[in-house]
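*Asks:* Structure supplied as input_3.txt; contents: compact mmCIF, C-alpha atoms.
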# COMPACT_ATOMS: atom_id res chain seq x y z
CA MET A 12 103.88 77.77 64.99
CA SER A 13 101.67 75.30 63.27
CA GLY A 14 97.95 75.99 62.98
CA HIS A 15 98.29 79.74 63.00
CA ASN A 16 98.28 80.40 59.31
CA LYS A 17 95.80 82.47 57.35
CA TRP A 18 93.86 79.44 56.06
CA SER A 19 93.29 78.21 59.61
CA LYS A 20 91.67 81.52 60.58
CA ILE A 21 89.54 81.57 57.44
CA LYS A 22 88.46 77.97 58.03
CA HIS A 23 87.24 78.74 61.56
CA LYS A 24 85.38 81.89 60.48
CA LYS A 25 83.72 79.98 57.63
CA ALA A 26 82.67 77.17 59.97
CA ALA A 27 81.03 79.66 62.34
CA SER A 28 79.33 81.46 59.45
CA ASP A 29 78.07 78.19 57.95
CA ALA A 30 76.64 77.10 61.31
CA LYS A 31 74.67 80.36 61.60
CA LYS A 32 73.36 80.02 58.04
CA SER A 33 72.36 76.41 58.66
CA LYS A 34 70.33 77.36 61.74
CA LEU A 35 68.72 80.26 59.91
CA PHE A 36 67.82 78.13 56.88
CA SER A 37 66.40 75.39 59.12
CA MET A 38 64.22 77.95 60.87
CA HIS A 39 62.98 79.31 57.53
CA ALA A 40 62.26 75.76 56.31
CA ARG A 41 60.13 75.05 59.40
CA VAL A 42 58.26 78.33 58.97
CA LEU A 43 57.64 77.69 55.26
CA THR A 44 56.42 74.14 55.91
CA THR A 45 54.06 75.35 58.65
CA VAL A 46 52.69 78.32 56.69
CA VAL A 47 52.03 76.24 53.55
CA LYS A 48 50.27 73.61 55.63
CA GLU A 49 48.10 76.29 57.30
CA ALA A 50 47.26 77.64 53.82
CA ASN A 51 46.04 74.16 52.77
CA GLY A 52 48.88 73.75 50.30
CA ASP A 53 48.30 77.08 48.51
CA SER A 54 51.80 78.34 47.78
CA GLN A 55 50.42 81.63 46.44
CA SER A 56 48.67 82.72 49.63
CA PRO A 57 49.87 86.04 51.09
CA SER A 58 51.31 84.44 54.23
CA VAL A 59 53.31 81.91 52.17
CA ARG A 60 54.60 84.59 49.81
CA ALA A 61 55.66 86.72 52.80
CA ALA A 62 57.52 83.75 54.33
CA VAL A 63 59.23 83.07 50.98
CA GLU A 64 60.30 86.71 50.73
CA ARG A 65 61.79 86.60 54.26
CA ALA A 66 63.69 83.42 53.32
CA LYS A 67 64.98 84.98 50.10
CA LYS A 68 66.02 88.10 52.02
CA ASP A 69 68.22 85.89 54.19
CA SER A 70 69.73 84.34 51.01
CA MET A 71 68.11 80.93 51.40
CA PRO A 72 68.69 78.91 48.21
CA ALA A 73 65.64 78.55 45.92
CA GLU A 74 66.04 74.76 45.95
CA ASN A 75 65.69 74.71 49.76
CA ILE A 76 62.63 76.97 49.59
CA GLU A 77 60.94 74.69 47.03
CA ARG A 78 61.76 71.60 49.11
CA ALA A 79 60.19 73.18 52.22
CA LEU A 80 57.08 74.21 50.27
CA LYS A 81 56.64 70.70 48.85
CA LYS A 82 57.14 69.20 52.28
CA GLY A 83 54.33 71.40 53.64
CA GLN A 84 52.02 70.42 50.77
CA GLY A 85 52.51 66.69 51.33
CA VAL A 86 49.97 64.55 53.13
CA ASP A 87 52.53 63.20 55.58
CA ALA A 88 54.15 66.57 56.18
CA THR A 89 55.70 67.16 59.57
CA SER A 90 53.46 69.33 61.68
CA TYR A 91 55.23 72.18 63.45
CA ARG A 92 53.57 74.23 66.14
CA ALA A 93 54.49 77.47 67.79
CA VAL A 94 55.79 77.30 71.35
CA ARG A 95 56.39 80.04 73.90
CA PHE A 96 58.29 79.79 77.15
CA GLU A 97 58.49 82.44 79.83
CA ALA A 98 61.00 82.77 82.63
CA PHE A 99 63.03 85.05 84.83
CA GLY A 100 66.76 85.06 84.30
CA PRO A 101 69.67 86.39 86.31
CA GLY A 102 68.97 89.60 88.23
CA GLY A 103 65.22 89.24 87.66
CA ALA A 104 65.34 89.83 83.92
CA ALA A 105 62.11 88.67 82.26
CA LEU A 106 62.40 86.46 79.17
CA ILE A 107 59.98 85.39 76.46
CA ILE A 108 61.24 82.57 74.25
CA ASP A 109 59.44 81.80 70.97
CA GLY A 110 60.00 78.84 68.69
CA LEU A 111 58.59 76.24 66.31
CA THR A 112 58.74 72.54 67.09
CA ASP A 113 57.52 69.20 65.86
CA ASN A 114 57.77 67.72 69.36
CA ASN A 115 56.66 69.99 72.21
CA ASN A 116 57.70 67.59 74.97
CA ARG A 117 61.25 67.28 73.65
CA THR A 118 61.67 71.02 73.16
CA SER A 119 60.29 71.94 76.59
CA GLN A 120 62.60 69.43 78.30
CA GLU A 121 65.62 70.69 76.37
CA VAL A 122 64.81 74.33 77.24
CA LYS A 123 64.34 73.36 80.91
CA HIS A 124 67.74 71.64 80.77
CA ILE A 125 69.39 74.81 79.45
CA PHE A 126 67.94 76.76 82.39
CA THR A 127 68.90 74.07 84.91
CA LYS A 128 72.53 73.96 83.68
CA LEU A 129 72.81 77.66 84.50
CA GLY A 130 71.09 77.34 87.89
CA LEU A 131 67.81 78.89 86.75
CA THR A 132 64.25 77.63 86.40
CA LEU A 133 61.73 77.96 83.61
CA GLY A 134 58.60 79.88 84.61
CA ALA A 135 54.93 79.11 84.17
CA PRO A 136 53.03 80.43 81.14
CA GLY A 137 52.13 84.07 81.68
CA CYS A 138 54.68 84.72 84.44
CA ALA A 139 56.80 87.18 82.43
CA ALA A 140 54.40 88.48 79.78
CA TRP A 141 53.35 91.38 82.00
CA ALA A 142 56.79 92.95 81.49
CA PHE A 143 56.29 93.21 77.71
CA ILE A 144 53.93 94.62 75.13
CA LYS A 145 53.43 92.88 71.79
CA GLY A 146 55.23 95.07 69.23
CA LYS A 147 55.02 94.84 65.39
CA ASP A 148 58.09 92.54 65.14
CA GLY A 149 58.00 90.83 68.51
CA TRP A 150 57.91 91.79 72.18
CA GLU A 151 59.03 95.16 73.55
CA ALA A 152 60.00 95.67 77.18
CA GLN A 153 57.31 97.58 79.05
CA THR A 154 59.30 97.67 82.28
CA PRO A 155 63.04 97.62 81.45
CA VAL A 156 65.51 96.57 84.16
CA GLU A 157 69.21 97.24 84.59
CA LEU A 158 71.55 94.38 85.50
CA ARG A 159 74.90 94.21 87.25
CA ASP A 160 77.81 93.10 85.08
CA ASP A 161 77.93 89.55 86.48
CA ASP A 162 74.17 89.08 85.95
CA LEU A 163 74.50 90.52 82.46
CA ASP A 164 77.20 87.95 81.65
CA LYS A 165 75.00 85.11 82.95
CA LEU A 166 72.05 86.39 80.90
CA GLU A 167 74.22 86.56 77.79
CA LYS A 168 75.26 82.92 78.28
CA LEU A 169 71.61 81.93 78.73
CA VAL A 170 70.42 83.78 75.61
CA ASP A 171 73.29 82.34 73.55
CA ALA A 172 72.46 78.80 74.69
CA LEU A 173 68.77 79.30 73.88
CA GLU A 174 69.46 80.80 70.45
CA GLU A 175 71.72 77.84 69.59
CA HIS A 176 68.78 75.46 70.07
CA GLU A 177 67.35 74.45 66.68
CA ASP A 178 63.69 74.96 67.67
CA ILE A 179 64.10 78.43 69.21
CA GLU A 180 63.46 81.33 66.86
CA SER A 181 63.78 84.36 69.12
CA VAL A 182 64.49 85.37 72.71
CA PHE A 183 63.22 88.66 74.14
CA THR A 184 64.39 90.22 77.43
CA ASN A 185 63.43 93.35 79.31
CA VAL A 186 67.03 94.39 79.99
CA ALA A 187 67.68 98.08 79.34
When written as structure tokens, how does the structure in this file appear?
*Replies:*
Amino acid sequence: MSGHNKWSKIKHKKAASDAKKSKLFSMHARVLTTVVKEANGDSQSPSVRAAVERAKKDSMPAENIERALKKGQGVDATSYRAVRFEAFGPGGAALIIDGLTDNNNRTSQEVKHIFTKLGLTLGAPGCAAWAFIKGKDGWEAQTPVELRDDDLDKLEKLVDALEEHEDIESVFTNVA
């Protein structure tokens, strides 16, 4: 059987691992660029140092960190802004989707497309926030819901599709 050797399996695992690292490093680069820009180019500000530490914790190469910091200090640096989307998924599960983008219109259309492909619609700002409380590291479900297995599968597909998007940083649901 061709294609079923050990190297083939290793190659596929490495490709998946590299894709995850690439997305993670891209997210850290956007955060670093934004934080340095907000700090008026001061790479020693507490918020910048905290962002650098988070990037280092995720094993981001020092060269990539420096490049992101320099990009944020430049005059023509790309300006990223935080975006938040709210919606209800399968079975009435509430979702809060946070991200960073350089083009809000593009990102909102792409997120709407993800919902549309799965037969769902994106909600208006504030429609799902009532189901959460702002915790230290994100959003915690204030009113958790239980889903049937088929709705849980649909929600998993939705969350996976959202997390694969380059501008989306985190997805929070109120599923128990």
*Asks:* Point out the residue among A:Val182, A:Val42, A:Ala104, A:Ile125 with the least atom-to-atom distance to Ser90 (chain A), counting all atoms listed in the file.
*Replies:* A:Val42
*Asks:* Mind giving me the straight-line distance from CA of Val122 (chain A) to CA of Ala172 (chain A) in Å, one decimal?
*Replies:*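 Interatomic distance here is 9.2 Å.
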*Asks:* So what do you get for CA of Phe183 (chain A) versus CA of Ile107 (chain A), distance-wise?
*Replies:*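 We find that CA of Phe183 (chain A) and CA of Ile107 (chain A) lie 5.2 Å from each other.
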*Asks:* Between CA of Glu64 (chain A) and CA of Ile108 (chain A), what is the distance in Å, rounded to a tenth?
*Replies:* 23.9 Å
*Asks:* Can you tell me which residues surround region 158-165 of chain A at a distance of at most 9 Å, considering all atoms listed in the file, apart from same-chain residues fewer than 5 positions away, and format the answer as JSON, numbers by chain?
*Replies:* {"A": [100, 101, 102, 103, 104, 129, 170, 186, 187]}
*Asks:* Excluding Val94 (chain A) and any residue of its chain fewer than 3 positions from it, enumerate the residues within 8 Å of it, using all atoms listed in the file, and give them as a list of chain:residue names.
*Replies:*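 Answer for this query is A:Asp109, A:Gly110, A:Leu111, A:Thr112, A:Asn115.
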